[in-house]
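Shown next: my_file_15.tsv, containing TSV, C-alpha atoms and all ligand atoms.
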chain	number	residue	atom	x	y	z
A	219	MET	CA	0.00	0.00	0.00
A	220	LYS	CA	1.41	3.40	-0.98
A	221	LYS	CA	1.63	5.94	1.81
A	222	VAL	CA	0.80	9.58	1.14
A	223	LEU	CA	1.28	12.64	3.32
A	224	VAL	CA	-1.47	15.22	2.98
A	225	THR	CA	-0.62	18.52	4.67
A	226	GLY	CA	-3.71	20.56	5.44
A	227	GLY	CA	-5.62	17.29	5.16
A	228	LEU	CA	-8.42	18.50	7.43
A	229	GLY	CA	-9.07	21.60	5.31
A	230	PHE	CA	-11.55	22.09	2.50
A	231	ILE	CA	-9.74	20.62	-0.50
A	232	GLY	CA	-7.44	18.53	1.68
A	233	SER	CA	-10.24	16.57	3.37
A	234	HIS	CA	-11.91	15.75	0.06
A	235	THR	CA	-8.57	14.61	-1.33
A	236	VAL	CA	-7.96	12.36	1.68
A	237	VAL	CA	-11.31	10.65	1.00
A	238	GLU	CA	-10.46	10.08	-2.66
A	239	LEU	CA	-6.98	8.79	-1.78
A	240	GLN	CA	-8.44	6.30	0.67
A	241	ASN	CA	-11.05	5.24	-1.89
A	242	GLU	CA	-8.15	4.51	-4.25
A	243	GLY	CA	-6.40	2.34	-1.67
A	244	PHE	CA	-3.72	4.75	-0.46
A	245	GLU	CA	-2.66	4.88	3.17
A	246	VAL	CA	-3.01	8.50	4.27
A	247	VAL	CA	-1.09	10.48	6.87
A	248	ILE	CA	-2.45	13.94	7.63
A	249	ILE	CA	-0.53	16.88	9.03
A	250	ASP	CA	-2.73	19.80	10.05
A	251	ASN	CA	-2.26	22.43	12.75
A	252	LEU	CA	-6.01	23.18	12.93
A	253	SER	CA	-5.37	26.87	12.20
A	254	ASN	CA	-8.26	26.91	9.73
A	255	SER	CA	-9.87	23.51	10.26
A	256	LYS	CA	-11.54	21.39	12.90
A	257	ILE	CA	-10.39	18.08	14.39
A	258	GLU	CA	-13.93	16.69	13.94
A	259	VAL	CA	-13.19	16.45	10.22
A	260	LEU	CA	-10.97	13.45	10.99
A	261	ASP	CA	-13.97	11.48	12.27
A	262	LYS	CA	-16.09	12.65	9.35
A	263	ILE	CA	-13.49	11.36	6.90
A	264	THR	CA	-13.40	8.09	8.82
A	265	SER	CA	-17.17	7.75	8.68
A	266	ILE	CA	-17.16	8.24	4.90
A	267	THR	CA	-14.35	5.81	4.08
A	268	GLY	CA	-14.38	3.44	7.05
A	269	VAL	CA	-10.65	3.99	7.54
A	270	LYS	CA	-9.13	6.40	10.02
A	271	PRO	CA	-6.14	8.26	8.54
A	272	SER	CA	-3.10	8.82	10.76
A	273	TYR	CA	-3.02	12.36	12.04
A	274	PHE	CA	-0.24	14.61	13.36
A	275	ASN	CA	-0.87	18.07	14.78
A	276	ILE	CA	2.34	19.59	13.47
A	277	ASP	CA	2.93	23.24	12.65
A	278	LEU	CA	4.99	23.13	9.47
A	279	ARG	CA	6.80	26.33	10.49
A	280	ASP	CA	8.45	24.18	13.17
A	281	LYS	CA	11.54	23.07	11.27
A	282	ALA	CA	12.59	20.52	13.88
A	283	ALA	CA	9.13	18.93	13.87
A	284	VAL	CA	9.13	18.71	10.08
A	285	LYS	CA	12.56	17.10	10.16
A	286	ASP	CA	11.43	14.63	12.77
A	287	PHE	CA	8.29	13.72	10.83
A	288	PHE	CA	10.08	12.90	7.59
A	289	ALA	CA	12.86	11.03	9.35
A	290	ASN	CA	10.22	8.71	10.79
A	291	ASN	CA	7.72	8.50	7.92
A	292	LYS	CA	8.81	7.18	4.54
A	293	VAL	CA	6.02	8.50	2.37
A	294	ASP	CA	5.63	7.64	-1.31
A	295	GLY	CA	4.20	11.07	-2.02
A	296	THR	CA	3.39	14.42	-0.44
A	297	ILE	CA	0.38	16.54	-1.31
A	298	HIS	CA	0.90	19.98	0.17
A	299	PHE	CA	-2.28	21.95	0.85
A	300	ALA	CA	-1.39	23.54	4.19
A	301	ALA	CA	-1.27	27.29	3.67
A	302	TYR	CA	-3.07	30.53	4.42
A	303	LYS	CA	-5.49	31.40	1.64
A	304	ALA	CA	-7.35	34.63	2.28
A	305	VAL	CA	-6.47	37.24	-0.31
A	306	GLY	CA	-7.59	40.27	1.72
A	307	GLU	CA	-6.01	39.10	4.96
A	308	SER	CA	-2.72	38.56	3.16
A	309	VAL	CA	-2.55	42.28	2.38
A	310	GLN	CA	-2.87	43.04	6.11
A	311	LYS	CA	-0.50	40.29	7.26
A	312	PRO	CA	2.00	39.78	4.45
A	313	LEU	CA	4.82	38.51	6.66
A	314	ASP	CA	2.60	35.88	8.26
A	315	TYR	CA	1.69	34.72	4.77
A	316	TYR	CA	5.31	34.54	3.64
A	317	GLU	CA	6.39	32.79	6.82
A	318	ASN	CA	3.62	30.21	6.70
A	319	ASN	CA	3.26	29.59	2.98
A	320	ILE	CA	6.91	29.90	1.98
A	321	GLY	CA	8.72	28.90	5.18
A	322	SER	CA	6.79	25.65	5.50
A	323	LEU	CA	7.25	24.82	1.84
A	324	VAL	CA	11.02	25.23	2.09
A	325	TYR	CA	11.24	23.06	5.20
A	326	ILE	CA	9.24	20.30	3.54
A	327	LEU	CA	11.35	20.40	0.38
A	328	GLN	CA	14.54	20.28	2.44
A	329	GLU	CA	13.36	17.17	4.24
A	330	LEU	CA	12.12	15.50	1.08
A	331	LYS	CA	15.61	15.98	-0.32
A	332	ALA	CA	17.34	14.81	2.86
A	333	ASN	CA	15.26	11.62	2.87
A	334	SER	CA	15.23	11.05	-0.91
A	335	LEU	CA	11.45	11.33	-1.09
A	336	ASN	CA	10.61	12.46	-4.56
A	337	ASN	CA	6.92	12.91	-5.36
A	338	PHE	CA	5.38	16.27	-4.55
A	339	ILE	CA	2.07	17.90	-5.45
A	340	PHE	CA	1.59	21.62	-4.81
A	341	SER	CA	-1.64	23.62	-4.45
A	342	SER	CA	-1.28	26.55	-6.77
A	343	SER	CA	-3.87	28.95	-8.08
A	344	CYS	CA	-5.13	30.58	-11.24
A	345	THR	CA	-4.38	33.81	-9.41
A	346	VAL	CA	-0.88	33.55	-10.93
A	347	TYR	CA	-2.39	34.54	-14.30
A	348	GLY	CA	-3.97	37.76	-12.99
A	349	GLN	CA	-6.25	39.15	-15.71
A	350	ALA	CA	-5.07	36.98	-18.57
A	351	ASP	CA	-4.90	38.60	-22.00
A	352	GLU	CA	-6.53	35.61	-23.63
A	353	LEU	CA	-9.41	33.39	-22.53
A	354	PRO	CA	-9.64	30.52	-21.89
A	355	ILE	CA	-6.37	30.48	-19.97
A	356	THR	CA	-3.72	27.96	-20.95
A	357	GLU	CA	-0.79	26.89	-18.78
A	358	ASN	CA	1.45	28.93	-21.07
A	359	ALA	CA	-0.27	32.22	-20.33
A	360	PRO	CA	2.22	34.67	-18.84
A	361	ILE	CA	2.46	35.04	-15.08
A	362	LYS	CA	1.27	38.52	-14.08
A	363	PRO	CA	2.60	40.53	-11.12
A	364	ALA	CA	0.79	39.24	-8.05
A	365	GLU	CA	-2.15	41.31	-6.80
A	366	SER	CA	-1.65	40.20	-3.20
A	367	PRO	CA	0.92	38.62	-0.90
A	368	TYR	CA	-1.24	35.47	-1.03
A	369	GLY	CA	-0.96	35.34	-4.82
A	370	ASN	CA	2.73	36.06	-4.53
A	371	THR	CA	3.23	33.04	-2.24
A	372	LYS	CA	1.79	30.84	-4.99
A	373	GLN	CA	4.07	32.34	-7.64
A	374	ILE	CA	7.15	32.18	-5.44
A	375	GLY	CA	6.17	28.71	-4.26
A	376	GLU	CA	6.14	27.43	-7.83
A	377	GLU	CA	9.56	28.97	-8.47
A	378	ILE	CA	11.03	27.44	-5.34
A	379	ILE	CA	9.74	23.99	-6.26
A	380	LYS	CA	11.02	24.32	-9.81
A	381	ASP	CA	14.49	25.22	-8.50
A	382	ALA	CA	14.39	22.31	-6.04
A	383	THR	CA	13.68	19.85	-8.87
A	384	LYS	CA	16.92	20.98	-10.52
A	385	ILE	CA	19.18	19.97	-7.64
A	386	SER	CA	17.66	16.67	-6.55
A	387	ASP	CA	15.52	13.79	-7.80
A	388	LEU	CA	12.40	15.66	-6.76
A	389	LYS	CA	9.48	15.36	-9.17
A	390	ALA	CA	6.71	17.88	-8.69
A	391	ILE	CA	3.39	18.92	-10.13
A	392	ALA	CA	1.78	22.30	-9.42
A	393	LEU	CA	-1.98	22.27	-9.82
A	394	ARG	CA	-3.44	25.68	-10.54
A	395	TYR	CA	-6.97	25.65	-9.17
A	396	PHE	CA	-9.64	27.90	-10.56
A	397	ASN	CA	-12.57	28.37	-8.12
A	398	PRO	CA	-13.14	25.23	-6.00
A	399	ILE	CA	-16.67	24.99	-4.60
A	400	GLY	CA	-19.16	22.40	-3.37
A	401	ALA	CA	-18.93	19.59	-0.86
A	402	HIS	CA	-18.84	15.81	-0.60
A	403	GLU	CA	-22.11	14.09	-1.59
A	404	SER	CA	-22.39	12.64	1.92
A	405	ALA	CA	-22.58	16.23	3.25
A	406	LYS	CA	-20.17	15.11	5.98
A	407	ILE	CA	-17.33	17.35	4.84
A	408	GLY	CA	-17.30	20.70	3.08
A	409	GLU	CA	-16.02	24.25	3.34
A	410	LEU	CA	-15.89	25.72	6.86
A	411	PRO	CA	-15.26	29.45	6.53
A	412	ILE	CA	-14.43	31.10	9.84
A	413	GLY	CA	-16.30	34.36	10.37
A	414	VAL	CA	-17.78	36.29	7.47
A	415	PRO	CA	-17.13	34.39	4.23
A	416	GLN	CA	-14.92	36.12	1.69
A	417	ASN	CA	-15.73	33.77	-1.17
A	418	LEU	CA	-18.87	33.80	-3.25
A	419	ILE	CA	-20.41	30.37	-2.67
A	420	PRO	CA	-20.06	30.32	1.14
A	421	TYR	CA	-21.65	33.77	1.18
A	422	VAL	CA	-24.47	32.65	-1.12
A	423	VAL	CA	-25.31	29.58	0.99
A	424	GLN	CA	-25.19	31.56	4.25
A	425	THR	CA	-27.47	34.19	2.76
A	426	ALA	CA	-29.93	31.53	1.63
A	427	ALA	CA	-29.76	30.02	5.12
A	428	GLY	CA	-30.59	33.40	6.67
A	429	ILE	CA	-27.22	33.77	8.42
A	430	ARG	CA	-26.38	36.76	6.21
A	431	GLU	CA	-28.97	39.31	5.27
A	432	GLU	CA	-27.84	40.08	1.77
A	433	LEU	CA	-25.12	39.15	-0.67
A	434	SER	CA	-23.15	42.01	-2.15
A	435	VAL	CA	-22.40	41.40	-5.81
A	436	PHE	CA	-19.06	43.09	-6.33
A	437	GLY	CA	-19.19	44.99	-9.61
A	438	SER	CA	-21.90	45.10	-12.28
A	439	ASP	CA	-20.03	47.15	-14.86
A	440	TYR	CA	-17.49	44.58	-15.98
A	441	ASN	CA	-17.06	43.94	-19.66
A	442	THR	CA	-19.01	40.65	-19.49
A	443	PRO	CA	-22.46	39.68	-20.86
A	444	ASP	CA	-24.33	40.69	-17.68
A	445	GLY	CA	-21.72	43.06	-16.23
A	446	THR	CA	-20.72	40.79	-13.32
A	447	ALA	CA	-17.36	39.04	-13.06
A	448	VAL	CA	-16.83	35.61	-14.58
A	449	ARG	CA	-15.08	32.65	-12.92
A	450	ASP	CA	-14.55	28.94	-13.51
A	451	TYR	CA	-16.30	27.21	-10.58
A	452	ILE	CA	-15.12	23.63	-10.17
A	453	HIS	CA	-16.50	20.94	-7.86
A	454	VAL	CA	-14.07	20.19	-5.03
A	455	VAL	CA	-14.47	16.44	-5.60
A	456	ASP	CA	-13.27	16.86	-9.19
A	457	ILE	CA	-10.31	18.86	-7.85
A	458	ALA	CA	-9.59	16.15	-5.27
A	459	LYS	CA	-9.58	13.43	-7.93
A	460	ALA	CA	-7.06	15.37	-10.01
A	461	HIS	CA	-4.59	15.07	-7.12
A	462	ILE	CA	-4.78	11.28	-7.22
A	463	VAL	CA	-4.22	11.26	-10.98
A	464	ALA	CA	-1.26	13.64	-10.60
A	465	LEU	CA	0.25	11.64	-7.76
A	466	LYS	CA	0.00	8.37	-9.69
A	467	ARG	CA	1.64	10.08	-12.67
A	468	LEU	CA	4.68	10.83	-10.50
A	469	ILE	CA	4.74	7.48	-8.70
A	470	GLU	CA	4.55	5.66	-12.04
A	471	ASN	CA	7.18	7.95	-13.61
A	472	LYS	CA	4.81	9.10	-16.33
A	473	ASN	CA	5.74	12.76	-15.95
A	474	LYS	CA	7.32	14.48	-18.95
A	475	SER	CA	9.56	16.74	-16.89
A	476	ASN	CA	10.42	17.04	-13.22
A	477	PHE	CA	8.28	20.12	-12.77
A	478	GLU	CA	4.90	20.15	-14.43
A	479	ILE	CA	1.95	22.52	-14.22
A	480	PHE	CA	-1.71	21.81	-14.91
A	481	ASN	CA	-4.81	23.98	-14.75
A	482	LEU	CA	-7.71	22.53	-12.80
A	483	GLY	CA	-10.91	24.05	-14.08
A	484	THR	CA	-14.07	23.07	-15.93
A	485	GLY	CA	-13.35	25.30	-18.92
A	486	GLN	CA	-16.67	27.05	-18.40
A	487	GLY	CA	-17.00	30.62	-17.16
A	488	ASN	CA	-20.02	31.72	-15.15
A	489	SER	CA	-20.91	35.21	-13.96
A	490	VAL	CA	-21.84	36.00	-10.38
A	491	LEU	CA	-25.47	36.54	-11.42
A	492	GLU	CA	-25.52	33.21	-13.27
A	493	VAL	CA	-24.26	31.48	-10.14
A	494	ILE	CA	-26.99	33.10	-8.04
A	495	LYS	CA	-29.68	32.10	-10.57
A	496	SER	CA	-28.38	28.53	-10.79
A	497	PHE	CA	-28.28	28.27	-7.02
A	498	GLU	CA	-31.88	29.50	-6.73
A	499	LYS	CA	-33.00	27.08	-9.45
A	500	VAL	CA	-31.41	23.92	-8.01
A	501	THR	CA	-32.18	24.61	-4.36
A	502	GLY	CA	-35.48	26.48	-4.60
A	503	GLN	CA	-33.99	29.02	-2.16
A	504	LYS	CA	-34.06	32.76	-2.70
A	505	VAL	CA	-30.79	34.67	-2.43
A	506	ASN	CA	-31.16	38.35	-1.49
A	507	TYR	CA	-28.52	40.40	-3.22
A	508	LYS	CA	-27.59	43.92	-4.15
A	509	LEU	CA	-25.22	45.23	-6.77
A	510	VAL	CA	-22.31	47.17	-5.25
A	511	ASP	CA	-18.94	48.51	-6.34
A	512	ARG	CA	-16.17	46.28	-7.61
A	513	ARG	CA	-13.92	44.59	-5.04
A	514	GLU	CA	-10.33	45.71	-5.22
A	515	GLY	CA	-7.99	43.25	-6.89
A	516	ASP	CA	-10.71	41.28	-8.70
A	517	VAL	CA	-10.22	40.40	-12.34
A	518	THR	CA	-12.99	40.62	-14.94
A	519	ALA	CA	-12.95	37.04	-16.12
A	520	ALA	CA	-10.92	33.87	-15.60
A	521	TYR	CA	-11.64	30.38	-16.88
A	522	ALA	CA	-9.39	27.51	-17.78
A	523	ASP	CA	-8.31	26.00	-21.03
A	524	THR	CA	-8.61	22.37	-19.96
A	525	ASN	CA	-6.99	20.71	-22.98
A	526	TYR	CA	-3.63	20.05	-21.41
A	527	ALA	CA	-5.07	18.60	-18.19
A	528	ASN	CA	-7.61	16.55	-20.15
A	529	ASN	CA	-5.15	15.14	-22.68
A	530	GLU	CA	-1.81	15.00	-20.90
A	531	LEU	CA	-2.85	14.44	-17.29
A	532	GLY	CA	-5.84	12.35	-18.38
A	533	TRP	CA	-8.26	14.02	-16.00
A	534	LYS	CA	-11.54	15.77	-16.70
A	535	THR	CA	-14.27	17.25	-14.54
A	536	LYS	CA	-17.38	15.10	-14.18
A	537	LEU	CA	-19.58	17.22	-11.93
A	538	SER	CA	-21.63	20.24	-13.01
A	539	LEU	CA	-22.05	23.68	-11.50
A	540	ASP	CA	-25.60	22.70	-10.48
A	541	GLU	CA	-24.32	19.60	-8.67
A	542	ALA	CA	-21.65	21.66	-6.93
A	543	LEU	CA	-24.16	24.30	-5.80
A	544	LEU	CA	-26.62	21.71	-4.57
A	545	SER	CA	-23.91	19.90	-2.61
A	546	ALA	CA	-22.82	23.20	-1.03
A	547	TRP	CA	-26.41	23.81	0.05
A	548	LYS	CA	-26.82	20.27	1.45
A	549	TRP	CA	-23.62	20.81	3.43
A	550	GLN	CA	-24.75	24.20	4.73
A	551	LYS	CA	-27.98	22.64	5.99
A	552	THR	CA	-26.00	20.23	8.20
A	553	LEU	CA	-24.10	23.04	9.90
B	1	LIG	N1	-18.07	37.92	-5.06
B	1	LIG	C1	-19.18	38.71	-4.82
B	1	LIG	N2	-19.63	38.80	-3.54
B	1	LIG	C2	-19.04	38.16	-2.49
B	1	LIG	C3	-17.91	37.36	-2.74
B	1	LIG	C4	-17.45	37.27	-4.03
B	1	LIG	O1	-19.73	39.30	-5.74
B	1	LIG	O2	-19.49	38.30	-1.36
B	1	LIG	C5	-17.58	37.79	-6.43
B	1	LIG	C6	-16.15	38.27	-6.58
B	1	LIG	O3	-16.10	39.65	-6.76
B	1	LIG	C7	-15.71	37.47	-7.79
B	1	LIG	C8	-16.49	36.16	-7.66
B	1	LIG	O4	-17.58	36.45	-6.79
B	1	LIG	O5	-16.09	38.10	-8.96
B	1	LIG	C9	-15.67	35.04	-7.05
B	1	LIG	O6	-15.11	35.49	-5.85
B	1	LIG	P1	-14.39	34.52	-4.81
B	1	LIG	O7	-13.90	35.36	-3.68
B	1	LIG	O8	-15.27	33.38	-4.49
B	1	LIG	O9	-13.20	33.94	-5.65
B	1	LIG	P2	-11.99	34.72	-6.36
B	1	LIG	O10	-12.11	34.39	-7.80
B	1	LIG	O11	-11.90	36.11	-5.98
B	1	LIG	O12	-10.79	34.02	-5.61
B	1	LIG	C10	-10.46	32.72	-5.88
B	1	LIG	C11	-9.76	32.07	-4.67
B	1	LIG	C12	-8.45	32.73	-4.41
B	1	LIG	C13	-7.64	32.83	-5.65
B	1	LIG	C14	-8.42	33.48	-6.74
B	1	LIG	C15	-7.68	33.51	-8.03
B	1	LIG	O13	-10.57	32.19	-3.53
B	1	LIG	O14	-7.76	31.92	-3.48
B	1	LIG	O15	-9.62	32.75	-6.96
B	1	LIG	O16	-8.41	34.20	-9.00
B	1	LIG	F1	-6.54	33.57	-5.44
What does this structure look like when you write it as structure tokens?
Amino acid sequence: MKKVLVTGGLGFIGSHTVVELQNEGFEVVIIDNLSNSKIEVLDKITSITGVKPSYFNIDLRDKAAVKDFFANNKVDGTIHFAAYKAVGESVQKPLDYYENNIGSLVYILQELKANSLNNFIFSSSCTVYGQADELPITENAPIKPAESPYGNTKQIGEEIIKDATKISDLKAIALRYFNPIGAHESAKIGELPIGVPQNLIPYVVQTAAGIREELSVFGSDYNTPDGTAVRDYIHVVDIAKAHIVALKRLIENKNKSNFEIFNLGTGQGNSVLEVIKSFEKVTGQKVNYKLVDRREGDVTAAYADTNYANNELGWKTKLSLDEALLSAWKWQKTL
């Protein structure tokens, strides 16, 4: 049985990936410091798959602890989700973001090298493209100057990994996520935003649930068909499955180079108003909203060109926007 480390394995995308890994017969070890997740998720994962993953409460900024972990755990692969991810907060706390997202990454890569552990998957983001000049966005689209320290940690992270692959046997894949949404069909795991949600879908579901009075739609004067911004919303379970495909590619030495990049999106762009309408249609719930000014740092439109991931990685999304929105609503109702 292959053993896989999932950092941030109790978080939103991490927990869904742990479930898919276990379904595929991998033995999973989770590292999570619970900074943006809850320990209960471990039991929820166990109740979905019937297998309890090993769990370590390690802060990856603790270099000695990271060293100790890898010295004692010979993993066949590492999937690294653990990171801060709030764009706005990163502007207020840039050094915390660099310390956590970059410091931890460097420590992990050092220990992978020291222990000759070679397969590494990195959570990157379509934020590296900024407002791309051409849509849909291919992996070859130029990297734009980061709009936030958060975005910068993803750009720098990719560079660091690429450099690391040049001086060791490390093989790595960076997966650039578009907008992950939704929840597991069991409604046992999903997104757990702390405080007021910053992202669209958590805000929509909380508004429908009556927790928030009204959704603010940020910007209605964009150069898009209905004036609201367009994104590529992808079901988190599809995202999770891509990690298993990517990991197997590395374990089976099917990678074409030691540092590869793939977009993870559906290829379809939807506006904020389209998302609201779809949500109302599939759930029968009304979402109160008002049109307000644009949010600083937002791009007009971003959606993936999925050809490279479809053809080279051999992965494709299976779940629709409607399914994702319905699953997010089912999850919200359990909270
Ligand atoms: N939006 C609203 N109202 C809200 C929240 C969001 O109208 O209350 C709009 C945004 O303005 C944007 C769209 O909904 O047009 C999506 O916003 P999200 O915050 O859900 O997602 P973003 O596309 O802004 O951000 C996501 C990830 C980031 C990543 C970024 C890259 O959350 O981690 O994509 O583009 F950096």
Just want the residues within 6 Å of ligand LIG 1 (chain B), written as a PDB file with C-alpha atoms, in the coordinates of the input, counting all atoms listed in the file.
ATOM      1  CA  LYS A 303      -5.490  31.400   1.640  1.00  0.00           C
ATOM      2  CA  SER A 343      -3.870  28.950  -8.080  1.00  0.00           C
ATOM      3  CA  CYS A 344      -5.130  30.580 -11.240  1.00  0.00           C
ATOM      4  CA  THR A 345      -4.380  33.810  -9.410  1.00  0.00           C
ATOM      5  CA  GLY A 369      -0.960  35.340  -4.820  1.00  0.00           C
ATOM      6  CA  ASN A 397     -12.570  28.370  -8.120  1.00  0.00           C
ATOM      7  CA  GLN A 416     -14.920  36.120   1.690  1.00  0.00           C
ATOM      8  CA  ASN A 417     -15.730  33.770  -1.170  1.00  0.00           C
ATOM      9  CA  LEU A 418     -18.870  33.800  -3.250  1.00  0.00           C
ATOM     10  CA  TYR A 421     -21.650  33.770   1.180  1.00  0.00           C
ATOM     11  CA  LEU A 433     -25.120  39.150  -0.670  1.00  0.00           C
ATOM     12  CA  SER A 434     -23.150  42.010  -2.150  1.00  0.00           C
ATOM     13  CA  VAL A 435     -22.400  41.400  -5.810  1.00  0.00           C
ATOM     14  CA  PHE A 436     -19.060  43.090  -6.330  1.00  0.00           C
ATOM     15  CA  ALA A 447     -17.360  39.040 -13.060  1.00  0.00           C
ATOM     16  CA  VAL A 490     -21.840  36.000 -10.380  1.00  0.00           C
ATOM     17  CA  ARG A 513     -13.920  44.590  -5.040  1.00  0.00           C
ATOM     18  CA  ASP A 516     -10.710  41.280  -8.700  1.00  0.00           C
TER      19      ASP A 516
END
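For the choices A:Thr484, A:Val309, A:Glu530, A:Leu388, the atom-to-atom distance to A:Glu514 is smallest for A:Val309 when using all atoms listed in the file.
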message = Residues within 12 Å of A:Lys466, please, as a list in words. Count all atoms listed in the file; anything in the same chain fewer than 4 positions from it doesn't count.
response = Lys220, Lys221, Val222, Leu239, Glu242, Gly243, Phe244, Asp294, Gly295, Thr296, Ile297, Asn337, Phe338, Ile339, Lys389, Ala390, Ile391, Lys459, Ala460, His461, Ile462, Glu470, Asn471, Lys472, Asn473, Leu531, Gly532 and Trp533 of chain A
Selection to disk with C-alpha atoms, as a JSON list (two decimals), keeping the file's coordinate frame:
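File selection-v6.json, as written:
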[["chain", "number", "residue", "atom", "x", "y", "z"],
["A", 220, "LYS", "CA", 1.41, 3.40, -0.98],
["A", 221, "LYS", "CA", 1.63, 5.94, 1.81],
["A", 222, "VAL", "CA", 0.80, 9.58, 1.14],
["A", 239, "LEU", "CA", -6.98, 8.79, -1.78],
["A", 242, "GLU", "CA", -8.15, 4.51, -4.25],
["A", 243, "GLY", "CA", -6.40, 2.34, -1.67],
["A", 244, "PHE", "CA", -3.72, 4.75, -0.46],
["A", 294, "ASP", "CA", 5.63, 7.64, -1.31],
["A", 295, "GLY", "CA", 4.20, 11.07, -2.02],
["A", 296, "THR", "CA", 3.39, 14.42, -0.44],
["A", 297, "ILE", "CA", 0.38, 16.54, -1.31],
["A", 337, "ASN", "CA", 6.92, 12.91, -5.36],
["A", 338, "PHE", "CA", 5.38, 16.27, -4.55],
["A", 339, "ILE", "CA", 2.07, 17.90, -5.45],
["A", 389, "LYS", "CA", 9.48, 15.36, -9.17],
["A", 390, "ALA", "CA", 6.71, 17.88, -8.69],
["A", 391, "ILE", "CA", 3.39, 18.92, -10.13],
["A", 459, "LYS", "CA", -9.58, 13.43, -7.93],
["A", 460, "ALA", "CA", -7.06, 15.37, -10.01],
["A", 461, "HIS", "CA", -4.59, 15.07, -7.12],
["A", 462, "ILE", "CA", -4.78, 11.28, -7.22],
["A", 470, "GLU", "CA", 4.55, 5.66, -12.04],
["A", 471, "ASN", "CA", 7.18, 7.95, -13.61],
["A", 472, "LYS", "CA", 4.81, 9.10, -16.33],
["A", 473, "ASN", "CA", 5.74, 12.76, -15.95],
["A", 531, "LEU", "CA", -2.85, 14.44, -17.29],
["A", 532, "GLY", "CA", -5.84, 12.35, -18.38],
["A", 533, "TRP", "CA", -8.26, 14.02, -16.00]]
Report as CSV the residues of stretch 429-487 of chain A within 12 Å of stretch 517-520 of chain A, each with its shortest atom pair and distance in Å (one decimal), using all atoms listed in the file, ordered by chain and increasing residue number.
residue,atom,partner,partner_atom,distance
A:Phe436,CA,A:Thr518,CA,10.8
A:Gly437,CA,A:Thr518,CA,9.3
A:Ser438,CA,A:Thr518,CA,10.3
A:Asp439,CA,A:Thr518,CA,9.6
A:Tyr440,CA,A:Thr518,CA,6.1
A:Asn441,CA,A:Thr518,CA,7.1
A:Thr442,CA,A:Thr518,CA,7.5
A:Pro443,CA,A:Ala519,CA,10.9
A:Asp444,CA,A:Thr518,CA,11.7
A:Gly445,CA,A:Thr518,CA,9.2
A:Thr446,CA,A:Thr518,CA,7.9
A:Ala447,CA,A:Thr518,CA,5.0
A:Val448,CA,A:Ala519,CA,4.4
A:Arg449,CA,A:Ala520,CA,5.1
A:Asp450,CA,A:Ala520,CA,6.5
A:Tyr451,CA,A:Ala520,CA,9.9
A:Asn481,CA,A:Ala520,CA,11.7
A:Gly483,CA,A:Ala520,CA,9.9
A:Thr484,CA,A:Ala520,CA,11.3
A:Gly485,CA,A:Ala520,CA,9.5
A:Gln486,CA,A:Ala520,CA,9.3
A:Gly487,CA,A:Ala520,CA,7.1
Next item on the list: Would you list the residues near (5.5, 32.7, 3.5), meaning any protein, DNA or RNA residue with an atom at most 12 Å from that point in file coordinates, counting only C-alpha atoms, as a PyMOL selection string?
Entry: chain A and resi 278-279+300-303+308+311-325+367-375+378
Judged by only C-alpha atoms, the minimum distance to A:Ile276 among A:Asn290, A:Ser253, A:Ser545, A:Asn476 is found for A:Ser253
Give me, as a PDB file with C-alpha atoms, in the frame of the given file, all polymer residues having an atom no more than 10 Å from A:Lys362, counting only C-alpha atoms and skipping those fewer than 3 positions away in the same chain.
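Contents of out-v1.pdb, as written:
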ATOM      1  CA  THR A 345      -4.380  33.810  -9.410  1.00  0.00           C
ATOM      2  CA  VAL A 346      -0.880  33.550 -10.930  1.00  0.00           C
ATOM      3  CA  TYR A 347      -2.390  34.540 -14.300  1.00  0.00           C
ATOM      4  CA  GLY A 348      -3.970  37.760 -12.990  1.00  0.00           C
ATOM      5  CA  GLN A 349      -6.250  39.150 -15.710  1.00  0.00           C
ATOM      6  CA  ALA A 350      -5.070  36.980 -18.570  1.00  0.00           C
ATOM      7  CA  ALA A 359      -0.270  32.220 -20.330  1.00  0.00           C
ATOM      8  CA  GLU A 365      -2.150  41.310  -6.800  1.00  0.00           C
ATOM      9  CA  ASN A 370       2.730  36.060  -4.530  1.00  0.00           C
ATOM     10  CA  GLN A 373       4.070  32.340  -7.640  1.00  0.00           C
TER      11      GLN A 373
END
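Comparing the minimum interatomic distances between A:Leu353 and each of A:Val423, A:Ala522, A:Leu335, A:Val246, counting only C-alpha atoms, we find that A:Ala522 sits nearest.
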Distance criterion (only C-alpha atoms): nearest to A:Leu543 out of A:Val505, A:Val422, A:Leu330, A:Ala464: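 Nearest to A:Leu543: A:Val422.
Residues in contact with A:Ser272 at up to 10 Å, not including ones fewer than 6 positions away on its chain and judged by all atoms listed in the file, are Leu223, Glu245, Val246, Val247, Ile248, Ile249 and Leu260 of chain A.
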**Asked** Which is closer to A:Lys281 than all the others in A:Glu238, A:Asp250, A:Glu329, A:Glu541, using all atoms listed in the file?
**Response**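 Smallest separation from A:Lys281 among the options: A:Glu329.
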If you count only C-alpha atoms, the residue of A:Ala546, A:Ile494, A:Ile266, A:Ile326 closest to A:Ile452 turns out to be A:Ala546
Check: If we count only C-alpha atoms, what is near A:His298 at a cut-off of 7 Å, once residues fewer than 5 positions away on the same chain are taken out, given as an MDAnalysis selection string?
Finding: chainID A and resid 224:225 339:341
Point to revise | Interatomic distance, atom CA of A:Thr524 to atom CA of A:Tyr395 (Å, one decimal) | key: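 Separation between atom CA of A:Thr524 and atom CA of A:Tyr395: 11.4 Å.
For the atom pair formed by atom CA of A:Gly515 and atom CA of A:Ile361, the distance is 15.6 Å, given to one decimal.
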